[in-house]
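Enquirer: Data file structure-v8.pdb (PDB, C-alpha atoms) is appended below.
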ATOM      1  CA  MET A   1      88.768-282.258 -66.132
ATOM      2  CA  GLU A   2      90.400-280.370 -68.985
ATOM      3  CA  LEU A   3      94.103-279.793 -69.428
ATOM      4  CA  PRO A   4      95.256-276.166 -69.573
ATOM      5  CA  GLN A   5      96.299-274.772 -72.950
ATOM      6  CA  GLU A   6      99.971-274.717 -71.907
ATOM      7  CA  CYS A   7      99.915-278.494 -71.362
ATOM      8  CA  TRP A   8      98.393-279.082 -74.784
ATOM      9  CA  GLU A   9     101.024-276.811 -76.346
ATOM     10  CA  SER A  10     103.768-278.875 -74.710
ATOM     11  CA  ILE A  11     102.256-282.105 -75.975
ATOM     12  CA  PHE A  12     101.707-280.809 -79.524
ATOM     13  CA  SER A  13     105.201-279.353 -79.711
ATOM     14  CA  LEU A  14     106.608-282.879 -79.352
ATOM     15  CA  LEU A  15     105.105-283.856 -82.703
ATOM     16  CA  GLN A  16     107.909-283.680 -85.251
ATOM     17  CA  HIS A  17     106.100-282.757 -88.454
ATOM     18  CA  HIS A  18     103.164-280.442 -89.189
ATOM     19  CA  ARG A  19     101.277-283.236 -90.970
ATOM     20  CA  TYR A  20     100.767-284.860 -87.550
ATOM     21  CA  VAL A  21      99.407-281.607 -86.147
ATOM     22  CA  GLU A  22      96.933-280.893 -88.974
ATOM     23  CA  PRO A  23      94.307-283.468 -87.850
ATOM     24  CA  LEU A  24      94.450-282.070 -84.315
ATOM     25  CA  SER A  25      93.390-278.652 -85.596
ATOM     26  CA  LEU A  26      90.064-280.193 -86.641
ATOM     27  CA  VAL A  27      89.150-281.424 -83.152
ATOM     28  CA  CYS A  28      88.106-278.142 -81.537
ATOM     29  CA  ASN A  29      88.711-274.382 -81.626
ATOM     30  CA  MET A  30      91.251-274.542 -78.805
ATOM     31  CA  PHE A  31      93.328-277.132 -80.695
ATOM     32  CA  LEU A  32      93.082-275.020 -83.858
ATOM     33  CA  SER A  33      94.394-271.999 -81.985
ATOM     34  CA  ILE A  34      97.247-273.991 -80.434
ATOM     35  CA  THR A  35      98.308-275.580 -83.725
ATOM     36  CA  ASN A  36      98.212-272.188 -85.469
ATOM     37  CA  HIS A  37     100.613-270.742 -82.901
ATOM     38  CA  LEU A  38     102.950-273.729 -83.082
ATOM     39  CA  ARG A  39     103.377-273.552 -86.871
ATOM     40  CA  HIS A  40     106.762-271.986 -87.686
ATOM     41  CA  THR A  41     107.263-272.951 -91.347
ATOM     42  CA  LEU A  42     105.004-272.371 -94.336
ATOM     43  CA  THR A  43     105.562-273.510 -97.922
ATOM     44  CA  ILE A  44     103.721-271.385-100.440
ATOM     45  CA  THR A  45     102.901-272.659-103.921
ATOM     46  CA  ASP A  46     101.131-270.930-106.781
ATOM     47  CA  PRO A  47      97.633-272.183-105.791
ATOM     48  CA  THR A  48      98.037-270.873-102.212
ATOM     49  CA  LEU A  49      98.990-267.329-103.272
ATOM     50  CA  GLU A  50      95.320-266.370-103.392
ATOM     51  CA  SER A  51      94.842-267.149 -99.701
ATOM     52  CA  LEU A  52      98.185-265.708 -98.556
ATOM     53  CA  PRO A  53      96.789-262.768 -96.516
ATOM     54  CA  ARG A  54      94.569-265.184 -94.587
ATOM     55  CA  LEU A  55      97.468-267.589 -94.005
ATOM     56  CA  LEU A  56      99.707-264.798 -92.712
ATOM     57  CA  ARG A  57      97.038-263.880 -90.154
ATOM     58  CA  ARG A  58      96.344-267.511 -89.262
ATOM     59  CA  PHE A  59      99.964-268.361 -88.437
ATOM     60  CA  PRO A  60     101.353-265.427 -86.407
ATOM     61  CA  ASN A  61     104.576-267.180 -85.351
ATOM     62  CA  LEU A  62     106.015-268.076 -88.753
ATOM     63  CA  HIS A  63     109.807-268.063 -88.786
ATOM     64  CA  THR A  64     110.334-269.552 -92.249
ATOM     65  CA  ILE A  65     108.518-269.079 -95.545
ATOM     66  CA  ILE A  66     109.452-271.167 -98.584
ATOM     67  CA  PHE A  67     108.210-270.396-102.097
ATOM     68  CA  ARG A  68     107.847-273.326-104.520
ATOM     69  CA  ASP A  69     106.525-273.433-108.089
ATOM     70  CA  ILE A  70     105.448-269.794-108.247
ATOM     71  CA  HIS A  71     104.586-268.548-111.728
ATOM     72  CA  GLY A  72     104.982-264.796-111.942
ATOM     73  CA  SER A  73     106.523-262.035-109.881
ATOM     74  CA  LEU A  74     106.949-262.308-106.127
ATOM     75  CA  ASP A  75     107.250-258.545-105.583
ATOM     76  CA  SER A  76     103.633-257.995-104.458
ATOM     77  CA  VAL A  77     103.705-261.175-102.378
ATOM     78  CA  LEU A  78     106.870-260.104-100.574
ATOM     79  CA  SER A  79     105.293-256.694-100.013
ATOM     80  CA  GLN A  80     102.363-258.385 -98.237
ATOM     81  CA  ILE A  81     104.770-260.387 -96.103
ATOM     82  CA  SER A  82     106.789-257.296 -95.183
ATOM     83  CA  GLN A  83     103.621-255.606 -93.894
ATOM     84  CA  SER A  84     102.455-258.655 -91.931
ATOM     85  CA  GLY A  85     104.663-258.087 -88.889
ATOM     86  CA  LEU A  86     105.697-261.753 -88.786
ATOM     87  CA  PRO A  87     108.863-262.686 -86.863
ATOM     88  CA  LEU A  88     110.480-264.138 -90.011
ATOM     89  CA  ILE A  89     114.025-265.436 -89.686
ATOM     90  CA  SER A  90     114.337-267.313 -92.987
ATOM     91  CA  LEU A  91     112.960-266.800 -96.501
ATOM     92  CA  ASP A  92     113.494-269.088 -99.487
ATOM     93  CA  VAL A  93     112.840-267.556-102.925
ATOM     94  CA  SER A  94     115.130-269.930-104.821
ATOM     95  CA  ASN A  95     114.047-271.724-107.987
ATOM     96  CA  GLN A  96     112.114-268.703-109.254
ATOM     97  CA  THR A  97     112.163-267.498-112.857
ATOM     98  CA  SER A  98     112.864-263.879-111.876
ATOM     99  CA  PHE A  99     114.585-262.127-109.004
ATOM    100  CA  PRO A 100     112.079-260.156-106.854
ATOM    101  CA  LEU A 101     114.317-257.141-106.189
ATOM    102  CA  LEU A 102     111.574-254.639-105.250
ATOM    103  CA  GLY A 103     109.878-257.074-102.873
ATOM    104  CA  LEU A 104     113.177-257.956-101.220
ATOM    105  CA  LYS A 105     113.967-254.255-100.724
ATOM    106  CA  GLN A 106     110.672-253.830 -98.900
ATOM    107  CA  LEU A 107     111.355-256.896 -96.786
ATOM    108  CA  GLY A 108     114.790-255.596 -95.876
ATOM    109  CA  SER A 109     113.390-252.297 -94.670
ATOM    110  CA  LYS A 110     110.598-253.857 -92.569
ATOM    111  CA  LEU A 111     111.813-257.231 -91.275
ATOM    112  CA  ARG A 112     114.839-256.687 -89.082
ATOM    113  CA  ASN A 113     114.939-260.284 -87.759
ATOM    114  CA  LEU A 114     115.474-261.844 -91.196
ATOM    115  CA  LYS A 115     118.799-263.674 -90.985
ATOM    116  CA  GLU A 116     118.640-266.153 -93.862
ATOM    117  CA  LEU A 117     117.693-265.446 -97.467
ATOM    118  CA  ASN A 118     117.973-268.289 -99.947
ATOM    119  CA  CYS A 119     117.962-266.958-103.512
TER     120      CYS A 119
END
Is it possible to give me this structure as structure tokens?
Expert:
Amino acid sequence: MELPQECWESIFSLLQHHRYVEPLSLVCNMFLSITNHLRHTLTITDPTLESLPRLLRRFPNLHTIIFRDIHGSLDSVLSQISQSGLPLISLDVSNQTSFPLLGLKQLGSKLRNLKELNC
């Protein structure tokens, strides 16, 4: 007998860190779907910028995005995020070489739930 998806979500949500959830996403498609919905924080580095549109679709419940070690402007990246429709609450663009003013303007006009901006 299989457990319903809601039970699995409850069990997975008890895991404290996403590194414990990652192996579960490899077990089956249902576990992949559950772990994708439970992921609320994403750290983006320069190598992951290329796959950003796919990541934004994969994790529809992201509340926090953190940028680390990005070389170049974040304006186009923030534009993509503003059009994603994510329920973002927190964004960390600190430790960047330039201030992404245009991208932040777009975010401000689209994401009304954004409460924390770390520059």
Enquirer: Please indicate the distance in Å from CA of His40 in chain A to CA of Cys7 in chain A, rounded to one decimal place.
Expert: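 These atoms are spaced 18.9 Å apart.
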Enquirer: With distances taken over all atoms listed in the file, which residue among A:Leu62, A:Asn113, A:Leu104, A:Arg68 lies nearest Asp46 in chain A?
Expert: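 Counting all atoms listed in the file, the residue closest to Asp46 in chain A is A:Arg68.
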Enquirer: How many Å separate CA of Ile66 in chain A from CA of Pro100 in chain A?
Expert: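 Interatomic distance, CA of Ile66 in chain A to CA of Pro100 in chain A: 14.0 Å.
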Enquirer: Please indicate the distance in Å from CA of Ser33 in chain A to CA of Ile81 in chain A, rounded to one decimal place.
Expert: 21.0 Å
Enquirer: Hey, which of A:Ser94, A:Ser79, A:Gln5, A:Ser51 ends up closest to Ile34 in chain A? Count all atoms listed in the file.
Expert: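 That would be A:Gln5, the residue with the smallest distance to Ile34 in chain A.
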Enquirer: Of the candidates A:Gly103, A:Pro23, A:Gly72, A:Pro60, which shows the shortest atom-to-atom distance to Thr41 in chain A, using all atoms listed in the file?
Expert: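 Residue with the minimum atom-to-atom distance to Thr41 in chain A: A:Pro60.
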Enquirer: Mind checking which residues fall within 10 Å of Phe31 in chain A, counting all atoms listed in the file, ignoring those fewer than 6 positions away in the same chain, and posting them as a ChimeraX atom specification?
Expert: /A:5,8-9,12,21-25,37
Enquirer: Which residue is closest to Thr35 in chain A? Choose from A:His71, A:Arg58, A:Lys115, A:Leu107 and count only C-alpha atoms.
Expert: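 Counting only C-alpha atoms, the residue closest to Thr35 in chain A is A:Arg58.
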Enquirer: What's the 9 Å shell around Leu86 in chain A, counting only C-alpha atoms, without same-chain residues fewer than 6 positions away, as a list in words?
Expert: Leu56, Phe59, Pro60, Asn61, Leu62, His63 and Leu111 of chain A
Enquirer: Quick one: everything within 10 Å of Leu49 in chain A, counting only C-alpha atoms, minus sequence neighbours fewer than 3 positions away in the same chain. Send it as number ranges by chain.
Expert: A: 44-46, 52-55, 67, 70, 74, 77
Enquirer: May I have the residues within 10 Å of Asn118 in chain A as a list in words, using all atoms listed in the file and disregarding those fewer than 2 positions away in the same chain?
Expert: Ile66, Ser90, Leu91, Asp92, Val93, Ser94, Asn95 and Glu116 of chain A
Enquirer: Return the single residue from A:Ser84, A:Ser10, A:Leu15, A:Ser73 that is closest to Thr97 in chain A, with distances computed using only C-alpha atoms.
Expert: A:Ser73
Enquirer: Nearest residue to Arg112 in chain A out of A:Ser98, A:Ser82, A:Asn36, A:Asn29, using all atoms listed in the file?
Expert: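 Among the listed residues, A:Ser82 lies closest to Arg112 in chain A.
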